[in-house]
Amino acid sequence: MNVALRTVSGFMKHPALPLLSRIIAAIVGGYVFANTTVIILSYLLPGPQYNAVLSGMLASYLFYAFAIMWVFYAKTARKAWLGLLVPIIISAAFLWFLIPQGLLE
Amino acid sequence: MKDMFRESMRWLHTWSGLVLGWVLFFMFITGTVGYFSYEIDRWMQPEAPYASNTSDQVHLLSLAKQRLDLVAPDAIYSSVNFPVDRYSFLRINWENPSNKITGEKGERGREILNPQTGEPVVVRKTGGGTLLYRMHYALHYMPRIVAYWITSLCAMFMFIALITGIVIHIRIFKDFFTFQPNKQQRSWLDMHNLMSVLPLPFHLMITYSGLIFLMFTTMPGILTASYGDDDDAFFDSAFPLTTQQEASGVYAQSIDLSTVLVSAQQHFNQSQVRYIRIQNQNDTHAQVEVAPRGFDGLSRANTLVYQGVSGELLSTPNSKNDQSESGSAFVSLYDALLNLHEGLFAPTILRWIYFLSGLAGAGMIATGMILWASKRRKKAQKSGQVSKGLVLVEHLNVGTIVGLPIAIAAYFWANRLIPIHLVGRENWEINTLFIVWAIMPVYSFLFAKKRPLSKVWAEQLALAALMYLCLPLLNLLTTSQHLGISFVQGDWIMAGFDLTMIVLGTLFAIAAFKMHRQQAQALSPTKNSAIKPALKI
């Protein structure tokens, strides 16, 4: 148990950890960010629904790229995550609360 | 602040370019080769006799029809593809009716016919250029969907490397005019910039449209968020297709196809069409479709559809066009991106520009990876410490940048050398490619102690030169479609392949020679000045 704890705490202090954290933030976090923002966009864009969805999908990789660049620009890994999670949580909340009530569409 | 942004982007550029660089190199090379996939298909099936682009199609149709009546008299679907433009075969396809009791789909068949006699030609089984091209997004030895995710991830890395590359090289256009060859690391950098900047619009287009190609696989959530499980509703409204008419089940003699062909030829004002196909043959709901040559902007020109019993014209080439115009700008953008990526519309010269741009893309990746290694090698020489990562990258570089072209040449060699009747020969062709590719970095690594890396480069470049230069020779020895014959026949696709191999081989030979000379100079720096004037004479 003690050994396991020590390995975990040793791992948490490993110098490569912030980098690993950023890489996960970029690939996974960036993907979620791109999806949530584009979904909001596809609800808000005027015009026929298929059009909004298609335009969102076409632009989604730009959002993804933007997020990845942000992650590696941020001063610390913590800030990088924060910068992704805040918009993700806001969009997700927006989606979960507003969409089922039929306030959009 | 601004510097920090650039610094972080430089880091991202370096690593996003390197980490999956070898897969990206593979994708760029095989994708680029794909711009000539039909031509390679033809070279890899040399049994098919030369089919002239100018033959009388009504006659070809009657030959094809005779064969179809013999092999598939009850077919519900059959088509005849003519040898036009880049396509060199007279080919028939058919589908037999489905089993009425089990509901099982009917048997499908395809044959290449001799355009003189109408007899079927037995061609060797091969993946051809089509497989080579398909691997740039579907890879090999793995389920398609897994490959789609991997290639999309690679494309995303490429996209990031491109954007960050632009960001850190804002001065890039100035750099472009200060090309300094023969200065080792500096000239690798210049070459990297040259191959990145000049075709930059191509690189951005090809990478982004590559992502778009697979977006329904990699970004499914966006679609689901609006349409739930009802994907079809989206596709029906965004990409409406003219629905195919179901068979009525009532017999009616179908119209003679040659009548339709002649009528379509007149309508298109072309003596050559691409194909003619018939659905629901010998049914009251039969339909005949004829495809013209040529393009309407970036997409294929629209086909003509005839009622298959009366021969009445059901759609004019313009009717489908109006439909897409009433569609959205984003549908057009989507179509345009995919069409630009595939470049099917490109006539010969533009096709070569596509090819060269693709090679420049591969070259951009290659020089970037060489640059990564050469910078670190320089530092390692100063500090005397060589990291394992550097050694790995160095061997992967030579084993992929030269090794993959060698492996592709080996694929062509395998096509000529593997016995024609061997079961599963088409699999062995492609296995050869991957086995040879795997050998190259391993060989370089195993002999690392005995010979410097620059020598391995020179050796592998020489091997590549030899393998490409000998391909036309191999073709001469193993088939009756060698350069001497293809020239006389005017079979430019066959001849073009052989000639391209000679050019490629020559380029590899020049590179090998340069590398060899450079290495000789590096080993004896004192003789350096003595050699140079001697060579000038």
# chains A, B, ... in the order shown; residues from 1 in each chain; ligands from 1
call {"tool": "residues_around", "arguments": {"residues": "B:Ile168", "least_positions_apart": "6", "cutoff": "12 Å", "atoms": "only C-alpha atoms", "output": "PDB file with C-alpha atoms, in the first residue's frame"}}
result
ATOM      1  CA  LYS B   2       4.726  37.699 -28.617  1.00  0.00           C
ATOM      2  CA  ASP B   3       7.974  35.770 -28.371  1.00  0.00           C
ATOM      3  CA  MET B   4       6.480  33.312 -25.954  1.00  0.00           C
ATOM      4  CA  PHE B   5       3.661  32.641 -28.363  1.00  0.00           C
ATOM      5  CA  ARG B   6       6.110  31.988 -31.153  1.00  0.00           C
ATOM      6  CA  GLU B   7       8.288  29.848 -28.931  1.00  0.00           C
ATOM      7  CA  SER B   8       5.371  27.648 -27.860  1.00  0.00           C
ATOM      8  CA  MET B   9       4.221  27.358 -31.457  1.00  0.00           C
ATOM      9  CA  ARG B  10       7.741  26.417 -32.538  1.00  0.00           C
ATOM     10  CA  TRP B  11       7.717  23.612 -29.987  1.00  0.00           C
ATOM     11  CA  LEU B  12       4.313  22.446 -31.197  1.00  0.00           C
ATOM     12  CA  HIS B  13       5.477  22.602 -34.821  1.00  0.00           C
ATOM     13  CA  THR B  14       8.535  20.485 -34.086  1.00  0.00           C
ATOM     14  CA  ALA B 161       2.132  21.467 -37.939  1.00  0.00           C
ATOM     15  CA  LEU B 162       1.041  23.556 -40.931  1.00  0.00           C
ATOM     16  CA  ASN B 193      10.736  26.033 -46.487  1.00  0.00           C
TER      17      ASN B 193
END
call {"tool": "select_by_dssp", "arguments": {"residues": "stretch 444-477 of chain B", "states": "helix (DSSP H, G or I)", "output": "PyMOL selection string"}}
result
chain B and resi 444-446+453-469+471-477
call {"tool": "residues_around", "arguments": {"residues": "B:Phe234", "least_positions_apart": "4", "cutoff": "10 Å", "atoms": "only C-alpha atoms", "output": "compact mmCIF listing (two decimals) with N, CA and C atoms, in the first residue's frame"}}
result
# COMPACT_ATOMS: atom_id res chain seq x y z
N GLN A 49 -31.83 23.14 -40.72
CA GLN A 49 -31.02 22.44 -39.72
C GLN A 49 -29.83 21.72 -40.35
N TYR A 50 -30.06 21.04 -41.45
CA TYR A 50 -28.97 20.27 -42.05
C TYR A 50 -27.81 21.18 -42.42
N ASN A 51 -28.19 22.42 -42.82
CA ASN A 51 -27.18 23.38 -43.22
C ASN A 51 -26.30 23.79 -42.04
N VAL A 53 -25.83 22.08 -39.30
CA VAL A 53 -25.03 20.94 -38.87
C VAL A 53 -23.83 20.75 -39.80
N LEU A 54 -24.07 20.85 -41.08
CA LEU A 54 -22.99 20.64 -42.05
C LEU A 54 -21.92 21.71 -41.90
N LEU B 223 -23.55 15.53 -35.53
CA LEU B 223 -24.72 15.07 -36.28
C LEU B 223 -25.77 14.51 -35.31
N THR B 224 -25.31 13.69 -34.38
CA THR B 224 -26.23 13.07 -33.42
C THR B 224 -26.95 14.12 -32.58
N SER B 226 -28.16 16.85 -33.33
CA SER B 226 -29.33 17.42 -33.98
C SER B 226 -30.29 16.37 -34.50
N TYR B 227 -29.75 15.23 -34.91
CA TYR B 227 -30.60 14.26 -35.60
C TYR B 227 -30.80 12.95 -34.83
N ASP B 230 -31.36 9.34 -36.33
CA ASP B 230 -31.93 9.43 -37.67
C ASP B 230 -30.97 10.12 -38.63
N ALA B 238 -29.53 17.02 -46.95
CA ALA B 238 -28.30 17.68 -47.40
C ALA B 238 -27.84 17.17 -48.76
N PHE B 239 -27.95 15.88 -48.96
CA PHE B 239 -27.47 15.30 -50.22
C PHE B 239 -28.55 14.47 -50.89
N PRO B 240 -29.61 15.14 -51.39
CA PRO B 240 -30.71 14.38 -51.98
C PRO B 240 -30.23 13.62 -53.22
call {"tool": "residues_around", "arguments": {"residues": "stretch 67-81 of chain A", "least_positions_apart": "5", "cutoff": "8 Å", "atoms": "only C-alpha atoms", "output": "list of chain:residue names"}}
result
A:Pro18, A:Leu19, A:Ser21, A:Arg22, A:Ala25, A:Ala26, A:Ile27, A:Gly29, A:Gly30, A:Phe33, A:Ala34, B:Met4, B:Phe5, B:Ser8, B:Met9, B:Leu12, B:Ile160
call {"tool": "write_last_selection", "arguments": {"atoms": "C-alpha atoms", "output": "short mmCIF file (atom, residue, chain, number, x, y, z; two decimals), in the first residue's frame"}}
result
data_model
loop_
_atom_site.label_atom_id
_atom_site.label_comp_id
_atom_site.auth_asym_id
_atom_site.auth_seq_id
_atom_site.Cartn_x
_atom_site.Cartn_y
_atom_site.Cartn_z
CA PRO A 18 2.65 18.48 -17.02
CA LEU A 19 3.57 17.69 -20.61
CA SER A 21 -1.30 16.40 -19.05
CA ARG A 22 -1.13 18.98 -21.83
CA ALA A 25 -5.77 18.16 -22.80
CA ALA A 26 -4.95 18.88 -26.42
CA ILE A 27 -6.10 15.61 -27.94
CA GLY A 29 -9.98 18.07 -24.24
CA GLY A 30 -9.62 19.79 -27.58
CA PHE A 33 -14.23 21.44 -26.84
CA ALA A 34 -14.62 21.33 -30.63
CA MET B 4 6.48 33.31 -25.95
CA PHE B 5 3.66 32.64 -28.36
CA SER B 8 5.37 27.65 -27.86
CA MET B 9 4.22 27.36 -31.46
CA LEU B 12 4.31 22.45 -31.20
CA ILE B 160 -1.39 21.70 -36.52
#
call {"tool": "select_by_dssp", "arguments": {"residues": "stretch 94-294 of chain B", "states": "strand (DSSP E or B)", "output": "list in words"}}
result
Trp94, Glu95, Arg108, Gly109, Arg110, Glu111, Ile112, Leu113, Pro120, Val121, Tyr251, Val273, Arg274, Tyr275, Ile276, Arg277, Ile278, Gln279, Asp283, Gln287, Val288, Glu289, Val290, Ala291 and Pro292 of chain B
call {"tool": "residues_around", "arguments": {"residues": "B:Pro292", "least_positions_apart": "3", "cutoff": "12 Å", "atoms": "only C-alpha atoms", "output": "PyMOL selection string"}}
result
chain B and resi 81-82+84-85+261+264-276+289+295-296+300-305+317
call {"tool": "residues_around", "arguments": {"residues": "B:Trp413", "least_positions_apart": "3", "cutoff": "8 Å", "atoms": "only C-alpha atoms", "output": "list in words"}}
result
Ala409, Ala410, Arg416, Leu417, Leu471 and Leu474 of chain B
call {"tool": "closest_residue", "arguments": {"among": "B:Val393, B:Ser486, B:Phe447, B:Ile222", "to": "A:Thr37", "atoms": "only C-alpha atoms"}}
result
B:Ile222
call {"tool": "atom_distance", "arguments": {"atom1": "atom CA of B:Trp457", "atom2": "atom CA of B:Val398"}}
result
6.2 Å
call {"tool": "atom_distance", "arguments": {"atom1": "atom CA of B:Gly363", "atom2": "atom CA of A:Phe63"}}
result
27.9 Å
call {"tool": "atom_distance", "arguments": {"atom1": "atom CA of B:Thr367", "atom2": "atom CA of B:Val402"}}
result
12.1 Å
call {"tool": "closest_residue", "arguments": {"among": "B:Ala373, B:Leu333, B:Ile40, B:Leu473", "to": "B:Tyr411", "atoms": "only C-alpha atoms"}}
result
B:Ile40
call {"tool": "residues_around", "arguments": {"residues": "stretch 38-46 of chain A", "least_positions_apart": "5", "cutoff": "7 Å", "atoms": "only C-alpha atoms", "output": "ChimeraX atom specification"}}
result
/A:52-53,56,60,91,105 /B:222,225
call {"tool": "write_last_selection", "arguments": {"atoms": "C-alpha atoms", "output": "short mmCIF file (atom, residue, chain, number, x, y, z; two decimals), in the first residue's frame"}}
result
data_model
loop_
_atom_site.label_atom_id
_atom_site.label_comp_id
_atom_site.auth_asym_id
_atom_site.auth_seq_id
_atom_site.Cartn_x
_atom_site.Cartn_y
_atom_site.Cartn_z
CA ALA A 52 -26.23 24.43 -39.71
CA VAL A 53 -25.03 20.94 -38.87
CA GLY A 56 -20.54 23.22 -38.05
CA SER A 60 -15.10 21.70 -36.37
CA SER A 91 -21.69 24.75 -23.37
CA GLU A 105 -34.92 25.24 -32.38
CA ILE B 222 -22.34 16.95 -34.00
CA ALA B 225 -26.85 16.22 -31.39
#
call {"tool": "closest_residue", "arguments": {"among": "B:Leu337, B:Ala291, B:Val71, B:Val197", "to": "chain A", "atoms": "only C-alpha atoms"}}
result
B:Leu337
call {"tool": "closest_residue", "arguments": {"among": "A:Leu85, A:Ala59, A:Leu20, A:Ala65", "to": "B:Ser209", "atoms": "only C-alpha atoms"}}
result
A:Ala59
call {"tool": "closest_residue", "arguments": {"among": "B:Phe157, B:Phe330, B:Phe28, B:Tyr87", "to": "chain A", "atoms": "only C-alpha atoms"}}
result
B:Phe330
